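Since the structure comes first, as structure tokens, the remarks are kept for the end.
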Amino acid sequence: MGADPASSLRARPDGEGRLRVTSLAAYYGELRAIYDVSLELAPGEVLAVIGANGAGKSTLLKSIAGLMNHGARSHIRGAVEWRGKRIEKLPPEAIVDAGIALVPEGRRLFARMSVEDNLLAGAYLPRCRKAIPTRLEEIYGLFPRLRERKGQVVSQMSGGEQQMVAIGRALMSSPRLIAFDELSLGLSPAMVDEIYAKLREIVAGGTAAILVEQDLSRALAACTHFCVMLEGSIVLEGRPGEVAVEAITAAYFGSSRVGSSVRPTSGAGPNHG
Amino acid sequence: MASDDLYWVLVDLANGVLSGAMLGGYYALISVGLALNFGVMRLVNLSHGDWLIVAAYIAVTFLSATGLAPFWSLAIVVPLMYTVGYFVQRGLLNYVSVQAAEHRGMSPVFGLMLPLLVTFGLSIVLSQGMQLIFSSDAATIRNDLSYSAIKLSDDLSISTLRFGFFVAAAVLLAALAAWLKGTHIGRAIRAASDDPEVATLMGMRTAHVYGVASGVALASASIAGVMVGMSRSFQPFDGPPFLLMAFGVVILGGLGSIAGAFVGGIVLGIVQVLAGTWFGPAAQQVAGYLLILLMLAVRPQGLLARG
């Protein structure tokens with residue numbers, strides 16, 4: 001199943017504005033959570049990272065956002081290139097300044113702050129402050145519910161509304177690449193539909209996106225290309241429609257027997273999903 | 001006769017509540033730095049009281065050198081102590097904080113002990129250093145307000161100095177709350193206190209944010225220090241009692257809350273003064289600590305705990 005990283009992607013010339021991850025490995029102490037991960041993303045593209053619990057999807061996003069080389073307990077190896085510059089050694093605050101924003105798993109809002117304060121916290125960087133009124137209007141236009149509740153403390157809101165705040169907070173930094181970690185986790189199906197509809201609006205503006213998702217059909221419907229992670233590395237990649245769903249399912253569950261009754265391998269990898 | 005007795009009881013009560021509340025403003029300003037440090041960085045700064053005395057000594061030195069009115073000492077003391085607080089945080093406390101210990105994978109118990117030990121050490125270094133420089137002679141900031149009073153009626157009056165402190169404390173605490181609420185750096189301080197890791201994802205450099213919070217904590221402590229110097233005489237080893245009192249205020253009001261520090265200060269002030277009026281001066285301190293014990297027993301999160 002270990003396909004050649006570039007084979008299923010169109011060959012593209014080098015250029016500005018893209019993310020290129022080469023042979024990335026990430027460790028929690030001695031424990032290797034992901035290894036030999038390589039991927040590329042151009043402006044306007046949506047990459048879905050699919051995989052079971054513990055496959056290393058979140059670790060991949062944290063590595064790109066700079067959270068894995070932050071402290072002595074975890075580190076990364078390999079290269080992350082963004083718009084022609086190496087960023088794998090930069091701290092998270094420099095990476096968001098460079099235009100990569102992360103919507104973390106579980107939303108992780110500033111729980112004691114209001115909706116608007118959470119959004120404004122996302123625009124902390126000096127380069128973002130001038131555009132605050134326009135960005136706020138855009139986000140309130142995207143999620144009208146947030147305008148109604150801008151004074152509310154976020155811990156009192158529903159999961160879906162909190163997810164809207166988390167997305168809005170990330171958008172406040174005017175990112176060129178936005179990474180969503182487990183967007184649909186714990187949300188009602190109707191809310192997931194709404195959030196995914198907004199996601200299409202966001203990427204329609206030319207922002208690249210990485211989408212970590214356990215829900216296979218959702219992810220495939222929303223992405224321009226995908227990769228499947230299993231036990232810390234990429235085992236399959238391609239474009240939806242070019243790869244048979246059975247092959248994707250098999251890669252997801254780590255089974256070579258297509259369509260058989262395999263259990264979800266939730267304990268498959270190091271459990272840092 | 002009975003109505004006369006009642007009158008004097010009421011006068012005592014009114015005087016106690018008034019002067020206790022005035023005292024409370026001053027207590028609140030002494031404590032707010034401790035509350036800020038704890039609320040933002042989970043740092044219990046055992047050297048807090050000593051910094052008050054350091055500020056008072058700097059003010060005395062400045063005033064005796066220039067001969068200006070006491071108020072002008074703030075122009076030197078506040079920016080100086082802000083700078084000191086910022087760099088002590090960035091150069092020392094950021095490396096021994098709970099967060100730094102977590103970062104380096106140390107045990108949580110050690111992570112809690114480390115900042116306590118270091119700030120305790122800092123307290124000793126400060127008080128010994130002050131004794132070395134200023135000797136142990138009592139010092140005070142001379143001012144005209146110490147002996148004047150505002151008369152409200154024949155039997156009711158409040159100290160002009162205390163009233164000034166109360167107004168100053170109320171204004172400063174309101175300004176501090178507004179600053180935390182409405183500025184980018186204030187929002188960053190609140191964000192970093194909620195979730196330091198996610199704060200970095202917003203582009204906030206937590207080392208700098210903590211530095212600013214500590215600088216503001218010491219700047220407020222320095223204003224309180226000048227007030228201490230204006231209302232009594234002080235010596236190099238007078239810091240720790242202020243630390244204890246500030247702990248009491250923070251426990252009463254709610255950990256890490258500015259409004260809580262204000263309310264806690266006023267409650268403590270009123271209880272102390274009333275106890276002093278009715279049971280003699282010795283009862284003042286005891287009543288304060290009994291109140292703190294009671295609060296810990298029935299409402300350990302304090303009166304105005306933050307969510």
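For the structure tokens, the naming scheme is as follows: chains receive sequential letters (A, B, ...) according to their order of presentation, residues are indexed from 1 within each chain, and ligands are indexed from 1 in presentation order.
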Proximal residues of chain B relative to chain A (only C-alpha atoms; 12 Å) as a ChimeraX atom specification
/B:99-106,180-209,305-307
Output N, CA and C atoms for every residue in the selection just made, as a CSV table (one decimal), in the first residue's frame.
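Result went into out_10.csv, see below:
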chain,number,residue,atom,x,y,z
B,99,GLN,N,5.0,26.3,34.2
B,99,GLN,CA,5.0,26.0,32.8
B,99,GLN,C,6.4,25.5,32.3
B,100,ALA,N,7.5,26.2,32.8
B,100,ALA,CA,8.8,25.8,32.4
B,100,ALA,C,9.1,24.3,32.9
B,101,ALA,N,8.6,24.0,34.1
B,101,ALA,CA,8.8,22.7,34.6
B,101,ALA,C,8.1,21.6,33.8
B,102,GLU,N,6.8,22.0,33.4
B,102,GLU,CA,6.0,21.1,32.5
B,102,GLU,C,6.8,20.9,31.2
B,103,HIS,N,7.3,22.0,30.7
B,103,HIS,CA,8.0,22.0,29.4
B,103,HIS,C,9.2,21.1,29.4
B,104,ARG,N,9.9,21.1,30.6
B,104,ARG,CA,11.1,20.3,30.6
B,104,ARG,C,10.8,18.9,31.1
B,105,GLY,N,9.5,18.6,31.3
B,105,GLY,CA,9.1,17.2,31.7
B,105,GLY,C,9.4,16.9,33.1
B,106,MET,N,9.5,17.9,34.0
B,106,MET,CA,9.7,17.6,35.4
B,106,MET,C,8.4,17.2,36.1
B,180,LEU,N,-6.9,45.1,31.0
B,180,LEU,CA,-7.0,43.7,30.7
B,180,LEU,C,-8.1,43.4,29.7
B,181,LYS,N,-9.2,44.1,29.8
B,181,LYS,CA,-10.3,43.8,29.0
B,181,LYS,C,-10.2,44.3,27.6
B,182,GLY,N,-9.6,45.5,27.4
B,182,GLY,CA,-9.8,46.2,26.2
B,182,GLY,C,-8.6,46.4,25.3
B,183,THR,N,-7.4,45.9,25.7
B,183,THR,CA,-6.2,46.1,24.9
B,183,THR,C,-5.7,44.7,24.4
B,184,HIS,N,-4.9,44.8,23.3
B,184,HIS,CA,-4.4,43.5,22.8
B,184,HIS,C,-3.5,42.8,23.8
B,185,ILE,N,-2.7,43.5,24.5
B,185,ILE,CA,-1.8,42.8,25.4
B,185,ILE,C,-2.6,42.3,26.6
B,186,GLY,N,-3.6,43.1,27.0
B,186,GLY,CA,-4.5,42.6,28.1
B,186,GLY,C,-5.2,41.3,27.7
B,187,ARG,N,-5.7,41.3,26.5
B,187,ARG,CA,-6.4,40.1,26.0
B,187,ARG,C,-5.4,38.9,25.9
B,188,ALA,N,-4.1,39.2,25.5
B,188,ALA,CA,-3.1,38.2,25.5
B,188,ALA,C,-2.8,37.6,26.9
B,189,ILE,N,-2.8,38.5,27.9
B,189,ILE,CA,-2.6,38.1,29.2
B,189,ILE,C,-3.7,37.1,29.7
B,190,ARG,N,-5.0,37.5,29.3
B,190,ARG,CA,-6.1,36.6,29.7
B,190,ARG,C,-6.0,35.3,28.9
B,191,ALA,N,-5.7,35.4,27.7
B,191,ALA,CA,-5.6,34.2,26.8
B,191,ALA,C,-4.5,33.3,27.3
B,192,ALA,N,-3.3,33.8,27.7
B,192,ALA,CA,-2.2,33.0,28.1
B,192,ALA,C,-2.5,32.4,29.5
B,193,SER,N,-3.4,33.0,30.3
B,193,SER,CA,-3.7,32.4,31.5
B,193,SER,C,-4.7,31.3,31.3
B,194,ASP,N,-5.5,31.4,30.3
B,194,ASP,CA,-6.5,30.3,30.0
B,194,ASP,C,-5.8,29.1,29.4
B,195,ASP,N,-5.0,29.3,28.4
B,195,ASP,CA,-4.4,28.2,27.6
B,195,ASP,C,-3.1,28.7,26.9
B,196,PRO,N,-2.0,28.5,27.6
B,196,PRO,CA,-0.7,29.1,27.1
B,196,PRO,C,-0.4,28.5,25.7
B,197,GLU,N,-0.6,27.2,25.5
B,197,GLU,CA,-0.3,26.6,24.2
B,197,GLU,C,-1.1,27.2,23.1
B,198,VAL,N,-2.4,27.3,23.3
B,198,VAL,CA,-3.2,27.9,22.2
B,198,VAL,C,-2.9,29.4,22.0
B,199,ALA,N,-2.5,30.1,23.1
B,199,ALA,CA,-2.1,31.5,23.0
B,199,ALA,C,-0.9,31.6,22.0
B,200,THR,N,0.0,30.7,22.0
B,200,THR,CA,1.1,30.8,21.0
B,200,THR,C,0.6,30.6,19.6
B,201,LEU,N,-0.5,29.8,19.5
B,201,LEU,CA,-1.0,29.7,18.1
B,201,LEU,C,-1.7,31.0,17.6
B,202,MET,N,-2.0,31.9,18.5
B,202,MET,CA,-2.5,33.2,18.1
B,202,MET,C,-1.4,34.2,17.8
B,203,GLY,N,-0.1,33.7,17.9
B,203,GLY,CA,1.0,34.6,17.7
B,203,GLY,C,1.5,35.3,19.0
B,204,MET,N,1.0,34.9,20.1
B,204,MET,CA,1.4,35.5,21.4
B,204,MET,C,2.7,34.9,21.9
B,205,ARG,N,3.7,35.7,22.1
B,205,ARG,CA,4.9,35.2,22.7
B,205,ARG,C,4.7,35.1,24.3
B,206,THR,N,4.5,34.0,24.8
B,206,THR,CA,4.1,33.9,26.2
B,206,THR,C,5.2,34.4,27.1
B,207,ALA,N,6.5,34.3,26.8
B,207,ALA,CA,7.5,34.8,27.6
B,207,ALA,C,7.4,36.3,27.8
B,208,HIS,N,7.0,37.0,26.7
B,208,HIS,CA,6.8,38.5,26.7
B,208,HIS,C,5.5,38.8,27.5
B,209,VAL,N,4.5,38.0,27.2
B,209,VAL,CA,3.2,38.3,27.8
B,209,VAL,C,3.3,38.2,29.4
B,305,ALA,N,-14.8,34.5,42.6
B,305,ALA,CA,-13.9,33.6,41.8
B,305,ALA,C,-14.2,33.8,40.4
B,306,ARG,N,-13.1,33.7,39.6
B,306,ARG,CA,-13.3,33.7,38.1
B,306,ARG,C,-13.7,32.3,37.7
B,307,GLY,N,-14.7,32.3,36.7
B,307,GLY,CA,-15.3,31.1,36.2
B,307,GLY,C,-14.2,30.0,36.2
Could you pull out the residues in stretch 230-266 of chain B that DSSP calls alpha helix (DSSP H) from the backbone, as a list in words?
Met230, Ser231, Gly239, Pro240, Pro241, Phe242, Leu243, Leu244, Met245, Ala246, Phe247, Gly248, Val249, Val250, Ile251, Leu252, Gly253, Ile258, Ala259, Gly260, Ala261, Phe262, Val263, Gly264, Gly265 and Ile266 of chain B
Residues within 10 Å of A:Leu199, please, as an mmCIF file with C-alpha atoms, in the first residue's frame. Count only C-alpha atoms; anything in the same chain fewer than 3 positions from it doesn't count.
data_model
loop_
_atom_site.group_PDB
_atom_site.id
_atom_site.type_symbol
_atom_site.label_atom_id
_atom_site.label_comp_id
_atom_site.auth_asym_id
_atom_site.auth_seq_id
_atom_site.Cartn_x
_atom_site.Cartn_y
_atom_site.Cartn_z
ATOM 1 C CA VAL A 46 -7.812 21.202 0.251
ATOM 2 C CA LEU A 142 -19.918 33.817 7.569
ATOM 3 C CA ILE A 167 -12.753 28.738 12.994
ATOM 4 C CA PHE A 180 -8.656 21.985 10.801
ATOM 5 C CA LEU A 183 -13.735 19.538 12.550
ATOM 6 C CA ASP A 193 -23.308 20.051 7.286
ATOM 7 C CA GLU A 194 -23.340 23.740 8.140
ATOM 8 C CA ILE A 195 -19.653 23.849 9.101
ATOM 9 C CA TYR A 196 -18.615 22.020 5.918
ATOM 10 C CA ILE A 202 -13.486 29.790 3.129
ATOM 11 C CA VAL A 203 -11.372 27.880 0.617
ATOM 12 C CA ALA A 204 -13.206 29.495 -2.302
ATOM 13 C CA ALA A 209 -6.672 23.998 3.853
ATOM 14 C CA LEU A 211 -8.546 18.846 6.912
ATOM 15 C CA ALA A 222 -14.705 18.361 0.703
#
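Atom CA of B:Val84 lies 10.1 Å from atom CA of B:Trp51.
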Between atom CA of B:Val267 and atom CA of B:Leu290, what is the spacing in Å?
12.6 Å
What's around B:Val249 at 7 Å? Count only C-alpha atoms, leave out sequence neighbours fewer than 2 positions away in its own chain, and write the answer as a ChimeraX atom specification.
/B:31,245-247,251-253,261,264-265,268
Just N, CA and C atoms for this one: save the residues we selected as a PDB file, in the first residue's frame.
ATOM      1  N   SER B  31      -2.543  43.911  47.223  1.00  0.00           N
ATOM      2  CA  SER B  31      -2.741  42.504  46.871  1.00  0.00           C
ATOM      3  C   SER B  31      -2.893  42.239  45.386  1.00  0.00           C
ATOM      4  N   MET B 245      -0.857  39.347  54.371  1.00  0.00           N
ATOM      5  CA  MET B 245      -2.101  40.101  54.257  1.00  0.00           C
ATOM      6  C   MET B 245      -2.650  40.004  52.829  1.00  0.00           C
ATOM      7  N   ALA B 246      -1.745  40.089  51.857  1.00  0.00           N
ATOM      8  CA  ALA B 246      -2.178  40.012  50.462  1.00  0.00           C
ATOM      9  C   ALA B 246      -2.768  38.632  50.165  1.00  0.00           C
ATOM     10  N   PHE B 247      -2.156  37.584  50.727  1.00  0.00           N
ATOM     11  CA  PHE B 247      -2.723  36.238  50.583  1.00  0.00           C
ATOM     12  C   PHE B 247      -4.154  36.210  51.093  1.00  0.00           C
ATOM     13  N   ILE B 251      -7.439  35.338  48.968  1.00  0.00           N
ATOM     14  CA  ILE B 251      -8.298  34.203  49.330  1.00  0.00           C
ATOM     15  C   ILE B 251      -9.736  34.662  49.527  1.00  0.00           C
ATOM     16  N   LEU B 252      -9.904  35.818  50.212  1.00  0.00           N
ATOM     17  CA  LEU B 252     -11.255  36.336  50.449  1.00  0.00           C
ATOM     18  C   LEU B 252     -11.938  36.689  49.141  1.00  0.00           C
ATOM     19  N   GLY B 253     -11.217  37.355  48.264  1.00  0.00           N
ATOM     20  CA  GLY B 253     -11.851  37.904  47.064  1.00  0.00           C
ATOM     21  C   GLY B 253     -12.018  36.886  45.958  1.00  0.00           C
ATOM     22  N   ALA B 261      -9.963  41.199  44.444  1.00  0.00           N
ATOM     23  CA  ALA B 261      -8.978  41.827  45.322  1.00  0.00           C
ATOM     24  C   ALA B 261      -9.582  43.062  45.982  1.00  0.00           C
ATOM     25  N   GLY B 264     -12.284  41.799  48.472  1.00  0.00           N
ATOM     26  CA  GLY B 264     -11.589  41.114  49.559  1.00  0.00           C
ATOM     27  C   GLY B 264     -10.883  42.101  50.478  1.00  0.00           C
ATOM     28  N   GLY B 265     -10.244  43.111  49.871  1.00  0.00           N
ATOM     29  CA  GLY B 265      -9.552  44.122  50.666  1.00  0.00           C
ATOM     30  C   GLY B 265     -10.515  44.858  51.573  1.00  0.00           C
ATOM     31  N   LEU B 268     -11.845  42.588  54.418  1.00  0.00           N
ATOM     32  CA  LEU B 268     -10.814  42.397  55.442  1.00  0.00           C
ATOM     33  C   LEU B 268     -10.617  43.671  56.255  1.00  0.00           C
TER      34      LEU B 268
END
Near-A:Leu216 list (9 Å; only C-alpha atoms; drop same-chain fewer than 5 positions) as a PyMOL selection string
chain A and resi 50-51+221+248-249+252
Atom CA of A:Leu19 to atom CA of A:Trp82, straight-line distance in Å
4.6 Å
Neighbouring residues of B:Ser214 were defined as those with any atom within 12 Å, considering only C-alpha atoms; residues of the same chain fewer than 6 positions away were excluded. Please report them as a VMD selection string.
chain B and resid 32 to 45 48 51 81 to 94 189 206 to 208 220 to 221
Which residues are near A:Ser38? Cut-off 12 Å, only C-alpha atoms, ignore same chain within fewer than 4 positions. Put them as JSON, numbers by chain.
{"A": [3, 4, 5, 6, 9, 19, 20, 21, 22, 23, 24, 25, 34, 60, 64, 77, 78, 79, 80, 81, 227, 229, 232, 233, 234, 235, 236, 237]}
Now that the selection is made, can you save its residues with N, CA, C and O atoms as an mmCIF file, in the first residue's frame?
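Here's the written file result-v2.cif:
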data_model
loop_
_atom_site.group_PDB
_atom_site.id
_atom_site.type_symbol
_atom_site.label_atom_id
_atom_site.label_comp_id
_atom_site.auth_asym_id
_atom_site.auth_seq_id
_atom_site.Cartn_x
_atom_site.Cartn_y
_atom_site.Cartn_z
ATOM 1 N N ALA A 3 2.465 3.798 -1.325
ATOM 2 C CA ALA A 3 2.658 4.350 -2.663
ATOM 3 C C ALA A 3 3.772 5.383 -2.663
ATOM 4 O O ALA A 3 4.063 5.995 -1.642
ATOM 5 N N ASP A 4 4.381 5.581 -3.778
ATOM 6 C CA ASP A 4 5.381 6.615 -3.927
ATOM 7 C C ASP A 4 4.705 7.975 -3.724
ATOM 8 O O ASP A 4 3.678 8.249 -4.335
ATOM 9 N N PRO A 5 5.250 8.821 -2.815
ATOM 10 C CA PRO A 5 4.549 10.051 -2.426
ATOM 11 C C PRO A 5 4.084 10.907 -3.606
ATOM 12 O O PRO A 5 3.045 11.533 -3.539
ATOM 13 N N ALA A 6 4.871 10.986 -4.653
ATOM 14 C CA ALA A 6 4.541 11.926 -5.719
ATOM 15 C C ALA A 6 3.690 11.301 -6.820
ATOM 16 O O ALA A 6 3.127 12.006 -7.647
ATOM 17 N N LEU A 9 0.042 12.390 -7.296
ATOM 18 C CA LEU A 9 -0.211 13.824 -7.435
ATOM 19 C C LEU A 9 0.343 14.296 -8.768
ATOM 20 O O LEU A 9 1.359 13.809 -9.243
ATOM 21 N N LEU A 19 2.960 24.711 0.496
ATOM 22 C CA LEU A 19 3.516 24.030 1.652
ATOM 23 C C LEU A 19 4.131 22.723 1.158
ATOM 24 O O LEU A 19 3.516 21.990 0.385
ATOM 25 N N ARG A 20 5.365 22.467 1.561
ATOM 26 C CA ARG A 20 5.999 21.204 1.176
ATOM 27 C C ARG A 20 6.598 20.566 2.421
ATOM 28 O O ARG A 20 7.491 21.135 3.049
ATOM 29 N N VAL A 21 6.093 19.413 2.768
ATOM 30 C CA VAL A 21 6.594 18.667 3.918
ATOM 31 C C VAL A 21 7.410 17.502 3.376
ATOM 32 O O VAL A 21 6.939 16.774 2.503
ATOM 33 N N THR A 22 8.657 17.365 3.860
ATOM 34 C CA THR A 22 9.534 16.324 3.343
ATOM 35 C C THR A 22 10.045 15.440 4.472
ATOM 36 O O THR A 22 10.642 15.944 5.431
ATOM 37 N N SER A 23 9.794 14.159 4.357
ATOM 38 C CA SER A 23 10.314 13.154 5.314
ATOM 39 C C SER A 23 10.163 13.586 6.760
ATOM 40 O O SER A 23 11.113 13.550 7.533
ATOM 41 N N LEU A 24 8.981 14.025 7.111
ATOM 42 C CA LEU A 24 8.753 14.522 8.469
ATOM 43 C C LEU A 24 8.567 13.354 9.440
ATOM 44 O O LEU A 24 7.837 12.405 9.159
ATOM 45 N N ALA A 25 9.259 13.453 10.576
ATOM 46 C CA ALA A 25 9.036 12.505 11.674
ATOM 47 C C ALA A 25 8.827 13.313 12.941
ATOM 48 O O ALA A 25 9.429 14.372 13.100
ATOM 49 N N ILE A 34 4.858 9.950 14.170
ATOM 50 C CA ILE A 34 4.732 9.884 12.702
ATOM 51 C C ILE A 34 6.129 9.762 12.110
ATOM 52 O O ILE A 34 7.115 10.157 12.736
ATOM 53 N N LEU A 60 0.685 15.366 12.942
ATOM 54 C CA LEU A 60 1.139 15.997 11.707
ATOM 55 C C LEU A 60 0.797 17.487 11.709
ATOM 56 O O LEU A 60 1.637 18.339 11.420
ATOM 57 N N ILE A 64 3.343 20.834 11.855
ATOM 58 C CA ILE A 64 3.361 21.939 10.900
ATOM 59 C C ILE A 64 3.176 23.265 11.632
ATOM 60 O O ILE A 64 3.824 24.264 11.320
ATOM 61 N N ARG A 77 11.727 15.811 13.144
ATOM 62 C CA ARG A 77 12.837 15.748 12.185
ATOM 63 C C ARG A 77 12.249 15.894 10.807
ATOM 64 O O ARG A 77 11.082 15.585 10.575
ATOM 65 N N GLY A 78 13.063 16.311 9.876
ATOM 66 C CA GLY A 78 12.584 16.470 8.516
ATOM 67 C C GLY A 78 12.422 17.940 8.185
ATOM 68 O O GLY A 78 12.871 18.803 8.930
ATOM 69 N N ALA A 79 11.792 18.230 7.074
ATOM 70 C CA ALA A 79 11.711 19.610 6.610
ATOM 71 C C ALA A 79 10.263 20.005 6.357
ATOM 72 O O ALA A 79 9.469 19.219 5.851
ATOM 73 N N VAL A 80 9.923 21.242 6.759
ATOM 74 C CA VAL A 80 8.640 21.835 6.403
ATOM 75 C C VAL A 80 8.961 23.154 5.703
ATOM 76 O O VAL A 80 9.583 24.034 6.297
ATOM 77 N N GLU A 81 8.570 23.248 4.446
ATOM 78 C CA GLU A 81 8.865 24.442 3.672
ATOM 79 C C GLU A 81 7.552 25.145 3.367
ATOM 80 O O GLU A 81 6.597 24.508 2.929
ATOM 81 N N CYS A 227 -4.820 12.120 1.731
ATOM 82 C CA CYS A 227 -3.883 11.049 2.049
ATOM 83 C C CYS A 227 -4.443 10.267 3.225
ATOM 84 O O CYS A 227 -5.180 10.803 4.050
ATOM 85 N N MET A 229 -3.541 8.047 6.520
ATOM 86 C CA MET A 229 -2.447 7.732 7.449
ATOM 87 C C MET A 229 -2.790 6.490 8.249
ATOM 88 O O MET A 229 -3.935 6.260 8.633
ATOM 89 N N GLY A 232 1.175 6.140 11.776
ATOM 90 C CA GLY A 232 2.217 7.159 11.735
ATOM 91 C C GLY A 232 2.781 7.494 10.369
ATOM 92 O O GLY A 232 3.626 8.369 10.255
ATOM 93 N N SER A 233 2.337 6.818 9.327
ATOM 94 C CA SER A 233 2.853 7.212 8.021
ATOM 95 C C SER A 233 1.729 7.193 6.975
ATOM 96 O O SER A 233 0.648 6.657 7.214
ATOM 97 N N ILE A 234 2.020 7.800 5.831
ATOM 98 C CA ILE A 234 1.020 7.879 4.776
ATOM 99 C C ILE A 234 1.046 6.574 3.971
ATOM 100 O O ILE A 234 2.104 6.169 3.483
ATOM 101 N N VAL A 235 -0.104 5.926 3.879
ATOM 102 C CA VAL A 235 -0.132 4.642 3.176
ATOM 103 C C VAL A 235 -0.835 4.744 1.828
ATOM 104 O O VAL A 235 -0.720 3.830 1.002
ATOM 105 N N LEU A 236 -1.551 5.822 1.610
ATOM 106 C CA LEU A 236 -2.244 5.963 0.321
ATOM 107 C C LEU A 236 -2.513 7.437 0.100
ATOM 108 O O LEU A 236 -2.853 8.158 1.030
ATOM 109 N N GLU A 237 -2.339 7.886 -1.127
ATOM 110 C CA GLU A 237 -2.790 9.244 -1.418
ATOM 111 C C GLU A 237 -3.309 9.335 -2.827
ATOM 112 O O GLU A 237 -3.028 8.480 -3.666
#
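The residue that comes closest to A:Ala251, out of A:Ala33, A:Leu61, A:Gly238, A:Leu230 and on the basis of only C-alpha atoms, is A:Leu230.
Each of B:Met130, B:Leu296, B:Leu161, B:Leu112 was compared to B:Met227 using only C-alpha atoms, and B:Leu161 turns out to be the nearest.
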According to DSSP computed on the backbone, where in stretch 139-215 of chain B is there strand (DSSP E)? Give the residues as a PyMOL selection string.
chain B and resi 149-151+157-159
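Across B:Phe134, B:Ala178, B:Tyr26, B:Gly211, the tightest approach to B:Tyr95 is made by B:Gly211 when counting only C-alpha atoms.
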Nearest residue to B:Leu74 out of B:Leu172, B:Ile223, B:Ala28, B:Leu52, using only C-alpha atoms?
B:Ile223
